[in-house]
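**Q** Here you go, this is work-v2.cif (mmCIF, C-alpha atoms and all ligand atoms).
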```cif
data_work
#
loop_
_atom_site.group_PDB
_atom_site.id
_atom_site.type_symbol
_atom_site.label_atom_id
_atom_site.label_comp_id
_atom_site.auth_asym_id
_atom_site.auth_seq_id
_atom_site.Cartn_x
_atom_site.Cartn_y
_atom_site.Cartn_z
ATOM 1 C CA MET A 1 160.860 149.324 178.297
ATOM 2 C CA SER A 2 159.338 151.360 175.466
ATOM 3 C CA GLU A 3 156.957 154.220 176.228
ATOM 4 C CA VAL A 4 154.136 152.369 174.497
ATOM 5 C CA THR A 5 154.634 149.224 176.611
ATOM 6 C CA ARG A 6 154.832 151.304 179.777
ATOM 7 C CA ARG A 7 151.549 153.024 178.877
ATOM 8 C CA ASN A 8 149.972 149.642 178.237
ATOM 9 C CA LEU A 9 151.066 148.424 181.667
ATOM 10 C CA LEU A 10 150.049 151.373 183.764
ATOM 11 C CA GLY A 11 147.344 152.998 181.722
ATOM 12 C CA THR A 12 147.728 156.588 180.650
ATOM 13 C CA ALA A 13 145.873 158.088 183.625
ATOM 14 C CA ALA A 14 147.742 156.017 186.193
ATOM 15 C CA ALA A 15 151.059 156.937 184.608
ATOM 16 C CA ALA A 16 150.127 160.603 184.837
ATOM 17 C CA THR A 17 149.275 160.241 188.545
ATOM 18 C CA LEU A 18 152.550 158.452 189.195
ATOM 19 C CA ALA A 19 154.513 161.190 187.490
ATOM 20 C CA ALA A 20 152.718 163.858 189.532
ATOM 21 C CA SER A 21 153.259 162.102 192.877
ATOM 22 C CA ALA A 22 156.941 161.562 192.073
ATOM 23 C CA GLU A 23 157.231 165.355 191.850
ATOM 24 C CA THR A 24 155.796 165.935 195.321
ATOM 25 C CA ALA A 25 157.163 162.987 197.326
ATOM 26 C CA ARG A 26 160.816 163.946 197.563
ATOM 27 C CA ALA A 27 160.849 164.804 201.289
ATOM 28 C CA GLU A 28 163.052 162.508 203.399
ATOM 29 C CA ALA A 29 160.929 160.106 205.427
ATOM 30 C CA PRO A 30 162.130 159.502 208.991
ATOM 31 C CA VAL A 31 163.418 155.996 209.734
ATOM 32 C CA ARG A 32 161.055 154.611 212.374
ATOM 33 C CA ASN A 33 163.500 152.163 213.964
ATOM 34 C CA ALA A 34 160.629 150.287 215.614
ATOM 35 C CA THR A 35 158.521 147.339 214.604
ATOM 36 C CA THR A 36 154.788 147.328 213.915
ATOM 37 C CA PRO A 37 152.151 145.606 216.092
ATOM 38 C CA GLY A 38 151.665 141.847 215.677
ATOM 39 C CA VAL A 39 147.886 141.654 215.884
ATOM 40 C CA TYR A 40 145.508 139.830 213.554
ATOM 41 C CA ARG A 41 141.754 139.742 214.069
ATOM 42 C CA TYR A 42 139.294 137.319 212.510
ATOM 43 C CA LYS A 43 135.903 135.803 213.200
ATOM 44 C CA ILE A 44 134.603 132.329 213.822
ATOM 45 C CA GLY A 45 130.813 132.643 213.665
ATOM 46 C CA SER A 46 129.942 135.475 216.063
ATOM 47 C CA TYR A 47 133.167 135.027 218.062
ATOM 48 C CA GLU A 48 135.877 137.607 217.532
ATOM 49 C CA LEU A 49 139.367 136.161 217.670
ATOM 50 C CA THR A 50 142.567 138.124 218.142
ATOM 51 C CA ALA A 51 145.890 136.480 217.331
ATOM 52 C CA LEU A 52 148.640 138.188 219.302
ATOM 53 C CA TYR A 53 152.278 137.751 218.425
ATOM 54 C CA ASP A 54 154.694 137.349 221.322
ATOM 55 C CA GLY A 55 157.864 137.169 219.229
ATOM 56 C CA ILE A 56 160.238 134.440 218.144
ATOM 57 C CA TRP A 57 162.950 132.275 219.673
ATOM 58 C CA TYR A 58 165.712 130.742 217.590
ATOM 59 C CA ARG A 59 165.948 127.542 219.569
ATOM 60 C CA PRO A 60 169.451 125.989 219.534
ATOM 61 C CA ILE A 61 169.431 122.453 218.122
ATOM 62 C CA ASP A 62 172.083 119.784 217.588
ATOM 63 C CA ASP A 63 172.353 116.448 215.795
ATOM 64 C CA LYS A 64 170.161 114.788 218.472
ATOM 65 C CA PHE A 65 167.256 117.137 217.688
ATOM 66 C CA ILE A 66 165.231 114.483 215.856
ATOM 67 C CA ALA A 67 165.392 111.088 217.549
ATOM 68 C CA ASN A 68 164.339 108.997 214.551
ATOM 69 C CA ALA A 69 165.982 110.668 211.532
ATOM 70 C CA PRO A 70 169.627 111.100 210.496
ATOM 71 C CA PHE A 71 170.764 114.682 211.011
ATOM 72 C CA ALA A 72 171.687 114.980 207.314
ATOM 73 C CA GLU A 73 167.982 114.604 206.479
ATOM 74 C CA VAL A 74 167.078 117.150 209.133
ATOM 75 C CA GLU A 75 169.622 119.560 207.646
ATOM 76 C CA GLN A 76 167.984 119.135 204.232
ATOM 77 C CA ALA A 77 164.591 119.987 205.750
ATOM 78 C CA LEU A 78 166.050 123.045 207.490
ATOM 79 C CA ASP A 79 167.576 124.158 204.174
ATOM 80 C CA ALA A 80 164.207 123.713 202.474
ATOM 81 C CA ALA A 81 162.626 125.877 205.202
ATOM 82 C CA PHE A 82 165.315 128.578 204.858
ATOM 83 C CA MET A 83 166.478 127.910 208.420
ATOM 84 C CA PRO A 84 170.032 127.583 209.725
ATOM 85 C CA HIS A 85 171.236 124.108 210.762
ATOM 86 C CA ASP A 86 171.795 124.977 214.405
ATOM 87 C CA LYS A 87 168.555 126.790 215.264
ATOM 88 C CA LEU A 88 164.836 126.060 214.940
ATOM 89 C CA ALA A 89 162.693 129.124 214.242
ATOM 90 C CA THR A 90 160.104 129.059 217.037
ATOM 91 C CA PRO A 91 157.537 131.861 216.803
ATOM 92 C CA PHE A 92 154.872 132.292 219.490
ATOM 93 C CA THR A 93 151.250 133.283 218.819
ATOM 94 C CA THR A 94 148.599 133.363 221.535
ATOM 95 C CA LEU A 95 144.895 133.660 220.840
ATOM 96 C CA ILE A 96 142.156 135.650 222.549
ATOM 97 C CA VAL A 97 138.566 134.551 221.987
ATOM 98 C CA ASN A 98 135.800 137.048 222.668
ATOM 99 C CA THR A 99 132.617 134.987 222.961
ATOM 100 C CA GLY A 100 130.529 138.121 223.439
ATOM 101 C CA LYS A 101 130.254 137.363 227.139
ATOM 102 C CA ARG A 102 133.773 136.353 228.103
ATOM 103 C CA LEU A 103 137.335 137.055 227.054
ATOM 104 C CA VAL A 104 139.298 133.802 226.942
ATOM 105 C CA LEU A 105 143.074 133.671 226.419
ATOM 106 C CA LEU A 106 144.544 130.428 225.087
ATOM 107 C CA ASP A 107 148.138 130.139 226.378
ATOM 108 C CA THR A 108 150.061 133.126 227.674
ATOM 109 C CA GLY A 109 153.312 133.534 225.757
ATOM 110 C CA THR A 110 156.795 133.792 227.207
ATOM 111 C CA GLY A 111 156.335 136.668 229.638
ATOM 112 C CA GLY A 112 159.642 137.951 228.243
ATOM 113 C CA GLN A 113 161.428 135.139 230.064
ATOM 114 C CA ILE A 114 162.586 132.890 227.199
ATOM 115 C CA ALA A 115 164.544 135.030 224.741
ATOM 116 C CA PRO A 116 165.161 138.756 224.177
ATOM 117 C CA SER A 117 163.486 138.359 220.782
ATOM 118 C CA ALA A 118 160.150 137.423 222.426
ATOM 119 C CA GLY A 119 157.921 138.964 225.080
ATOM 120 C CA VAL A 120 155.926 141.569 223.166
ATOM 121 C CA LEU A 121 152.506 140.097 223.971
ATOM 122 C CA ARG A 122 151.620 142.958 226.319
ATOM 123 C CA ASP A 123 152.541 145.576 223.714
ATOM 124 C CA ASN A 124 150.359 143.771 221.210
ATOM 125 C CA LEU A 125 147.476 143.476 223.684
ATOM 126 C CA ALA A 126 147.642 147.257 224.049
ATOM 127 C CA ALA A 127 147.767 147.682 220.266
ATOM 128 C CA ALA A 128 144.665 145.452 220.045
ATOM 129 C CA GLY A 129 142.880 147.618 222.624
ATOM 130 C CA ILE A 130 142.673 144.823 225.191
ATOM 131 C CA ASP A 131 143.361 145.543 228.867
ATOM 132 C CA PRO A 132 144.890 142.464 230.603
ATOM 133 C CA LYS A 133 142.394 143.072 233.449
ATOM 134 C CA GLU A 134 139.555 142.287 231.020
ATOM 135 C CA VAL A 135 140.687 138.705 230.464
ATOM 136 C CA ASP A 136 138.228 136.433 232.310
ATOM 137 C CA THR A 137 139.758 133.036 231.650
ATOM 138 C CA ILE A 138 143.167 131.673 230.711
ATOM 139 C CA VAL A 139 143.201 128.147 229.292
ATOM 140 C CA ILE A 140 146.587 126.437 229.153
ATOM 141 C CA SER A 141 147.424 123.751 226.572
ATOM 142 C CA HIS A 142 150.442 122.353 228.427
ATOM 143 C CA PHE A 143 153.091 123.374 230.941
ATOM 144 C CA HIS A 144 156.136 124.217 228.805
ATOM 145 C CA PRO A 145 157.535 127.636 229.770
ATOM 146 C CA ASP A 146 156.632 129.337 226.476
ATOM 147 C CA HIS A 147 152.951 128.640 227.244
ATOM 148 C CA ILE A 148 152.747 129.395 230.979
ATOM 149 C CA ASN A 149 155.425 132.000 231.702
ATOM 150 C CA GLY A 150 153.158 134.802 230.496
ATOM 151 C CA ILE A 151 150.896 134.147 233.499
ATOM 152 C CA LYS A 152 153.429 136.163 235.510
ATOM 153 C CA ASP A 153 156.025 138.799 234.811
ATOM 154 C CA LYS A 154 159.701 138.467 235.787
ATOM 155 C CA ASP A 155 158.891 139.710 239.299
ATOM 156 C CA ASN A 156 156.165 137.070 239.773
ATOM 157 C CA ALA A 157 153.258 139.541 239.537
ATOM 158 C CA LEU A 158 150.161 138.285 237.705
ATOM 159 C CA ILE A 159 149.852 139.812 234.232
ATOM 160 C CA PHE A 160 146.117 138.958 233.963
ATOM 161 C CA PRO A 161 145.111 139.625 237.580
ATOM 162 C CA ARG A 162 141.409 138.776 237.316
ATOM 163 C CA ALA A 163 141.598 135.681 235.151
ATOM 164 C CA GLU A 164 140.649 132.224 236.254
ATOM 165 C CA ILE A 165 143.417 129.841 235.111
ATOM 166 C CA MET A 166 142.293 126.509 233.679
ATOM 167 C CA VAL A 167 144.838 123.716 233.142
ATOM 168 C CA PRO A 168 144.637 120.130 231.861
ATOM 169 C CA ALA A 169 144.357 117.764 234.864
ATOM 170 C CA PRO A 170 146.801 115.163 233.437
ATOM 171 C CA GLU A 171 149.343 117.936 232.826
ATOM 172 C CA TRP A 172 149.092 119.070 236.436
ATOM 173 C CA ALA A 173 149.310 115.476 237.685
ATOM 174 C CA TYR A 174 152.492 114.767 235.720
ATOM 175 C CA TRP A 175 154.478 117.943 236.281
ATOM 176 C CA MET A 176 153.450 118.655 239.874
ATOM 177 C CA ASP A 177 154.501 115.155 240.969
ATOM 178 C CA ASP A 178 157.686 115.493 243.019
ATOM 179 C CA GLY A 179 158.658 111.922 242.154
ATOM 180 C CA ASN A 180 158.719 112.867 238.448
ATOM 181 C CA LEU A 181 160.732 115.992 239.307
ATOM 182 C CA ASN A 182 163.307 114.024 241.301
ATOM 183 C CA THR A 183 163.907 111.431 238.580
ATOM 184 C CA ALA A 184 163.968 113.919 235.668
ATOM 185 C CA PRO A 185 167.186 114.656 233.764
ATOM 186 C CA THR A 186 168.806 117.979 234.661
ATOM 187 C CA ASP A 187 167.506 119.981 231.687
ATOM 188 C CA LEU A 188 163.943 118.803 232.348
ATOM 189 C CA LYS A 189 164.256 119.580 236.090
ATOM 190 C CA VAL A 190 164.500 123.246 235.084
ATOM 191 C CA VAL A 191 161.071 122.911 233.443
ATOM 192 C CA PHE A 192 159.591 121.303 236.591
ATOM 193 C CA LEU A 193 161.035 124.045 238.821
ATOM 194 C CA ASN A 194 159.728 126.786 236.523
ATOM 195 C CA GLN A 195 156.209 125.321 236.840
ATOM 196 C CA ARG A 196 156.480 125.466 240.621
ATOM 197 C CA ARG A 197 157.570 129.118 240.379
ATOM 198 C CA ILE A 198 154.517 129.929 238.249
ATOM 199 C CA PHE A 199 151.877 127.876 240.044
ATOM 200 C CA ALA A 200 152.983 127.359 243.682
ATOM 201 C CA ASP A 201 151.520 130.542 245.158
ATOM 202 C CA ILE A 202 148.447 130.702 242.908
ATOM 203 C CA ALA A 203 147.381 127.050 243.071
ATOM 204 C CA LYS A 204 144.033 128.077 244.597
ATOM 205 C CA GLN A 205 143.202 130.184 241.504
ATOM 206 C CA VAL A 206 143.910 127.263 239.193
ATOM 207 C CA THR A 207 141.085 125.006 237.994
ATOM 208 C CA GLN A 208 141.901 121.632 236.463
ATOM 209 C CA PHE A 209 139.846 120.263 233.568
ATOM 210 C CA GLU A 210 139.738 116.836 231.970
ATOM 211 C CA PRO A 211 140.665 117.142 228.254
ATOM 212 C CA GLY A 212 137.482 116.512 226.282
ATOM 213 C CA LYS A 213 135.462 118.973 228.376
ATOM 214 C CA GLU A 214 134.035 122.284 227.188
ATOM 215 C CA VAL A 215 135.865 125.006 229.168
ATOM 216 C CA ALA A 216 133.801 127.969 227.937
ATOM 217 C CA PRO A 217 130.747 128.149 225.664
ATOM 218 C CA GLY A 218 131.917 126.895 222.250
ATOM 219 C CA ILE A 219 135.488 126.143 223.391
ATOM 220 C CA VAL A 220 135.971 122.383 223.576
ATOM 221 C CA THR A 221 139.233 120.810 224.770
ATOM 222 C CA ILE A 222 140.611 117.720 223.022
ATOM 223 C CA PRO A 223 143.208 115.377 224.539
ATOM 224 C CA ALA A 224 146.379 115.400 222.418
ATOM 225 C CA ALA A 225 149.039 113.704 224.556
ATOM 226 C CA GLY A 226 152.562 113.038 223.323
ATOM 227 C CA HIS A 227 154.357 116.376 223.238
ATOM 228 C CA THR A 228 153.610 116.314 226.974
ATOM 229 C CA PRO A 229 151.424 113.861 228.945
ATOM 230 C CA GLY A 230 148.511 116.298 229.262
ATOM 231 C CA HIS A 231 149.007 118.256 226.027
ATOM 232 C CA THR A 232 145.620 119.586 224.920
ATOM 233 C CA VAL A 233 144.243 121.190 221.770
ATOM 234 C CA PHE A 234 141.023 123.174 221.348
ATOM 235 C CA ALA A 235 138.113 123.335 218.952
ATOM 236 C CA ILE A 236 136.263 126.641 218.819
ATOM 237 C CA HIS A 237 132.723 126.528 217.470
ATOM 238 C CA SER A 238 130.368 129.427 216.783
ATOM 239 C CA GLY A 239 127.463 129.383 214.380
ATOM 240 C CA ASP A 240 128.408 127.066 211.534
ATOM 241 C CA GLN A 241 132.141 127.841 211.740
ATOM 242 C CA SER A 242 134.969 126.116 213.590
ATOM 243 C CA LEU A 243 138.656 126.553 214.270
ATOM 244 C CA LEU A 244 141.041 123.845 215.441
ATOM 245 C CA VAL A 245 143.719 125.248 217.763
ATOM 246 C CA LEU A 246 146.592 122.777 217.405
ATOM 247 C CA SER A 247 148.785 124.059 220.270
ATOM 248 C CA ASP A 248 152.136 122.179 219.937
ATOM 249 C CA THR A 249 150.841 119.214 217.912
ATOM 250 C CA ALA A 250 153.564 120.310 215.496
ATOM 251 C CA GLN A 251 156.199 122.982 215.931
ATOM 252 C CA HIS A 252 157.192 124.962 212.839
ATOM 253 C CA PRO A 253 155.082 123.480 210.004
ATOM 254 C CA ALA A 254 157.861 123.949 207.429
ATOM 255 C CA VAL A 255 159.713 121.237 209.367
ATOM 256 C CA PHE A 256 157.100 119.161 211.201
ATOM 257 C CA ALA A 257 154.076 119.269 208.877
ATOM 258 C CA ARG A 258 156.365 118.241 206.038
ATOM 259 C CA HIS A 259 157.905 115.538 208.250
ATOM 260 C CA PRO A 260 155.070 114.377 210.495
ATOM 261 C CA ASP A 261 156.932 111.192 211.535
ATOM 262 C CA TRP A 262 159.747 113.070 213.192
ATOM 263 C CA GLN A 263 160.071 112.728 216.947
ATOM 264 C CA ALA A 264 161.558 115.896 218.395
ATOM 265 C CA SER A 265 163.861 115.803 221.409
ATOM 266 C CA PHE A 266 161.418 118.041 223.286
ATOM 267 C CA ASP A 267 158.493 115.603 222.960
ATOM 268 C CA ILE A 268 158.061 113.637 226.203
ATOM 269 C CA ASP A 269 156.628 110.659 224.270
ATOM 270 C CA GLY A 270 157.805 110.958 220.658
ATOM 271 C CA ALA A 271 155.754 108.042 219.264
ATOM 272 C CA ALA A 272 152.549 109.346 220.865
ATOM 273 C CA ALA A 273 153.300 112.871 219.607
ATOM 274 C CA VAL A 274 153.575 111.536 216.044
ATOM 275 C CA ALA A 275 150.341 109.518 216.333
ATOM 276 C CA THR A 276 148.472 112.556 217.714
ATOM 277 C CA ARG A 277 149.899 114.820 214.996
ATOM 278 C CA LYS A 278 148.795 112.483 212.196
ATOM 279 C CA THR A 279 145.311 111.960 213.643
ATOM 280 C CA LEU A 280 144.646 115.687 214.038
ATOM 281 C CA PHE A 281 146.303 116.712 210.756
ATOM 282 C CA ASP A 282 144.419 114.031 208.815
ATOM 283 C CA ARG A 283 141.154 115.279 210.276
ATOM 284 C CA ALA A 284 141.986 118.930 209.571
ATOM 285 C CA ALA A 285 143.049 118.161 205.994
ATOM 286 C CA ALA A 286 140.057 115.905 205.222
ATOM 287 C CA ASP A 287 137.535 118.359 206.696
ATOM 288 C CA ARG A 288 139.351 121.399 205.239
ATOM 289 C CA MET A 289 139.287 122.954 208.709
ATOM 290 C CA LEU A 290 140.758 126.306 209.558
ATOM 291 C CA VAL A 291 143.611 125.628 211.988
ATOM 292 C CA THR A 292 146.032 127.630 214.062
ATOM 293 C CA GLY A 293 149.282 126.438 215.636
ATOM 294 C CA TYR A 294 151.126 128.107 218.505
ATOM 295 C CA HIS A 295 154.468 127.869 216.674
ATOM 296 C CA PHE A 296 153.183 128.527 213.151
ATOM 297 C CA PRO A 297 154.366 131.744 211.457
ATOM 298 C CA PHE A 298 152.194 134.725 212.443
ATOM 299 C CA PRO A 299 149.212 135.109 212.173
ATOM 300 C CA ALA A 300 149.498 131.342 212.601
ATOM 301 C CA CYS A 301 146.179 130.367 211.040
ATOM 302 C CA GLY A 302 145.525 128.669 207.754
ATOM 303 C CA HIS A 303 144.774 125.236 206.369
ATOM 304 C CA LEU A 304 146.589 121.926 206.079
ATOM 305 C CA ILE A 305 146.683 119.895 202.907
ATOM 306 C CA LYS A 306 147.890 116.325 202.677
ATOM 307 C CA THR A 307 150.837 115.713 200.348
ATOM 308 C CA ALA A 308 152.519 112.502 199.163
ATOM 309 C CA THR A 309 154.945 112.591 202.099
ATOM 310 C CA GLY A 310 153.284 114.684 204.808
ATOM 311 C CA TYR A 311 151.318 117.914 204.986
ATOM 312 C CA GLU A 312 151.711 121.489 203.832
ATOM 313 C CA HIS A 313 150.475 124.524 205.723
ATOM 314 C CA VAL A 314 148.657 127.112 203.589
ATOM 315 C CA PRO A 315 148.472 130.440 205.449
ATOM 316 C CA VAL A 316 145.297 132.542 205.413
ATOM 317 C CA GLU A 317 145.162 135.637 203.276
ATOM 318 C CA TRP A 318 145.441 138.718 205.479
ATOM 319 C CA GLN A 319 142.051 140.390 205.571
ATOM 320 C CA THR A 320 141.345 144.015 206.301
ATOM 321 C CA ALA A 321 137.654 143.672 207.157
ATOM 322 C CA LEU A 322 135.981 141.260 209.556
HETATM 323 ZN ZN ZN B 1 155.518 125.504 222.713
#
```
Would it be possible to restate this file's structure as structure tokens?
Ligand SMILES: [Zn+2]

**A**
Amino acid sequence: MSEVTRRNLLGTAAAATLAASAETARAEAPVRNATTPGVYRYKIGSYELTALYDGIWYRPIDDKFIANAPFAEVEQALDAAFMPHDKLATPFTTLIVNTGKRLVLLDTGTGGQIAPSAGVLRDNLAAAGIDPKEVDTIVISHFHPDHINGIKDKDNALIFPRAEIMVPAPEWAYWMDDGNLNTAPTDLKVVFLNQRRIFADIAKQVTQFEPGKEVAPGIVTIPAAGHTPGHTVFAIHSGDQSLLVLSDTAQHPAVFARHPDWQASFDIDGAAAVATRKTLFDRAAADRMLVTGYHFPFPACGHLIKTATGYEHVPVEWQTAL
């Protein structure tokens, strides 16, 4: 690059500053060897929201992963998403809503009990300046372990000791039914037994709600069955702003927003999961709603646009002021 072109690019003053700082910045910087906090804060009306990253799980998958598509097509989609063919990138983001009067946590993360690469929610709570004792209410979207395990630590102690725990009534009815446990395939039995570990000795602290009800001022639950029988999503309203919290309506959007018809092996009712996904995504795209998804890449919020074949997730721009 010629000197003249370089001057044109940087401007003479900027180039002078750069040259000066190059002189003084030759000290070796220590390698930190530690990650940075996964916290993102934004507002919906007067509500302050804090997205907290819990980490990521590379979920093993095989050629049965999608029930209604040939695996070659799935492999193409994984290639397009820069993912390996044998693992689905599964990040976890929980959300804290400060209504001004109450601190409400939507889903609780893995509690460090799913994969070594996840379980940093408590570190990120601390980085966000939130004491787990301050959380008034936990609202659960569904009973898969990555959403409920963070209620307790590995030693079964409550992580949010003062929080009321609110769960969808149809979710409780399905998973707490011993008949369903006894007839479940072996890999699903593990899920049923984990729920009993989490809930058995705290059942009295658990409140069931019917999806459709408002669980806190401005936090409305919406039935979204399919992924599980009581799977629930949330709409948060404050002032003239809203956020749609999609829970597990779709897992990673680079796979499931682009291929909304796909029925994943982990959906209890694949056809219902697809119908729910399309209904909610159509609404979000048509209304240009801000959305967040539990398994969307951190900070997990953005918008959905409709494409010729599915949907595309457009992440928010990271903001430095509220
Ligand atoms: Zn999940």

**Q** What are the closest atom pairs, with distances in Å to one decimal, for each residue of chain A lying within 10 Å of ligand ZN 1 (chain B), using only C-alpha atoms and all ligand atoms, rows by chain and rising residue number, as a tab-separated table?

**A**
```
residue	atom	partner	partner_atom	distance
A:Thr90	CA	B:ZN1	ZN	8.1
A:Pro91	CA	B:ZN1	ZN	8.9
A:Phe92	CA	B:ZN1	ZN	7.5
A:Thr93	CA	B:ZN1	ZN	9.7
A:Asp107	CA	B:ZN1	ZN	9.5
A:Gly109	CA	B:ZN1	ZN	8.9
A:Thr110	CA	B:ZN1	ZN	9.5
A:Ser141	CA	B:ZN1	ZN	9.1
A:His142	CA	B:ZN1	ZN	8.3
A:Phe143	CA	B:ZN1	ZN	8.8
A:His144	CA	B:ZN1	ZN	6.3
A:Pro145	CA	B:ZN1	ZN	7.6
A:Asp146	CA	B:ZN1	ZN	5.5
A:His147	CA	B:ZN1	ZN	6.1
A:Ile148	CA	B:ZN1	ZN	9.5
A:His227	CA	B:ZN1	ZN	9.2
A:Ser247	CA	B:ZN1	ZN	7.3
A:Asp248	CA	B:ZN1	ZN	5.5
A:Thr249	CA	B:ZN1	ZN	9.2
A:Ala250	CA	B:ZN1	ZN	9.1
A:Gln251	CA	B:ZN1	ZN	7.3
A:Phe266	CA	B:ZN1	ZN	9.5
A:Gly293	CA	B:ZN1	ZN	9.5
A:Tyr294	CA	B:ZN1	ZN	6.6
A:His295	CA	B:ZN1	ZN	6.6
```

**Q** Taking 2 positions as the minimum chain separation for residues in the same chain, which residues sit within 12 Å of Ile140 of chain A when counting all atoms listed in the file? Answer as an NGL selection string.

**A** :A and (94-95 or 104-109 or 137-138 or 142-151 or 164-169 or 171-172 or 206-209 or 211 or 215 or 221 or 230-234 or 245 or 247-248 or 294)

**Q** Report as a VMD selection string the residues that result from applying the PyMOL selection byres (((chain A and resi 115) around 9) and not hetatm) to the structure here.

**A** chain A and resid 55 to 58 110 112 to 114 116 to 119

**Q** Can you list, as a VMD selection string, the residues that the PyMOL selection byres (((chain A and resi 67) around 8) and not hetatm) selects here?

**A** chain A and resid 64 to 66 68 to 69 262 to 265

**Q** Pick the closest to Val220 of chain A from A:Ser238, A:Gln205, A:Thr183, A:Thr279: which is it, counting all atoms listed in the file?

**A**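 Nearest to Val220 of chain A: A:Ser238.
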
**Q** Pick the closest to Lys87 of chain A from A:Asp136, A:Glu73, A:Asp62, A:Asp187: which is it, counting all atoms listed in the file?

**A** A:Asp62

**Q** Report, in Å with one decimal, the straight-line distance from atom CA of Pro170 of chain A to atom CA of Pro229 of chain A.

**A**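 Calculated distance between atom CA of Pro170 of chain A and atom CA of Pro229 of chain A is 6.6 Å.
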
**Q** For a cutoff of 8 Å around the file-coordinate point (156.2, 109.7, 215.6), which residues qualify once you count only C-alpha atoms? I'd like the result as a compact mmCIF listing (two decimals) with C-alpha atoms, in the frame of the given file.

**A**
```
# COMPACT_ATOMS: atom_id res chain seq x y z
CA PRO A 260 155.07 114.38 210.50
CA ASP A 261 156.93 111.19 211.54
CA TRP A 262 159.75 113.07 213.19
CA GLN A 263 160.07 112.73 216.95
CA GLY A 270 157.80 110.96 220.66
CA ALA A 271 155.75 108.04 219.26
CA ALA A 272 152.55 109.35 220.86
CA ALA A 273 153.30 112.87 219.61
CA VAL A 274 153.57 111.54 216.04
CA ALA A 275 150.34 109.52 216.33
```

**Q** What is the distance between atom CA of Thr99 of chain A and atom CA of Glu48 of chain A, in Å to one decimal?

**A**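 Computing the Euclidean distance for atom CA of Thr99 of chain A and atom CA of Glu48 of chain A yields 6.9 Å.
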
**Q** Just checking: using all atoms listed in the file, which residue out of A:Val291, A:Ala254, A:Val31, A:Ile159 ends up closest to Glu312 of chain A?

**A**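 That would be A:Ala254, the residue with the smallest distance to Glu312 of chain A.
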
**Q** Which residues, named as in the file, does the PyMOL selection byres (((chain A and resi 75) around 12) and not hetatm) pick out? Answer as a VMD selection string.

**A** chain A and resid 61 to 66 69 to 74 76 to 88 255

**Q** One number please: atom CA of Asp201 of chain A to atom CA of Glu134 of chain A, in Å, one decimal.

**A**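 Distance reported for this atom pair: 21.9 Å.
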
**Q** Counting only C-alpha atoms, find residues at most 6 Å from (146.7, 138.4, 215.4) (file frame) and give them as a list in words.

**A** Val39, Tyr40, Arg41, Thr50, Ala51, Leu52 and Pro299 of chain A

**Q** At a cut-off of 12 Å, using only C-alpha atoms, what residues contact Asp131 of chain A? Leave out same-chain residues fewer than 2 positions from it and give the result as a PyMOL selection string.

**A** chain A and resi 96+103+121-129+133-136+159-163

**Q** Quick one: residues within 6 Å of Asp153 of chain A, all atoms listed in the file counted, chain neighbours fewer than 3 positions away excluded, as a list in words?

**A**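 Contacts, in chain order: Gly111, Asn156 and Ala157 of chain A.
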
**Q** Out of A:Ile202, A:Ala89, A:Ala184, A:Ala173, which residue has the shortest atom-to-atom distance to Pro297 of chain A when counting all atoms listed in the file?

**A**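 Comparing A:Ile202, A:Ala89, A:Ala184, A:Ala173 against Pro297 of chain A, the winner is A:Ala89.
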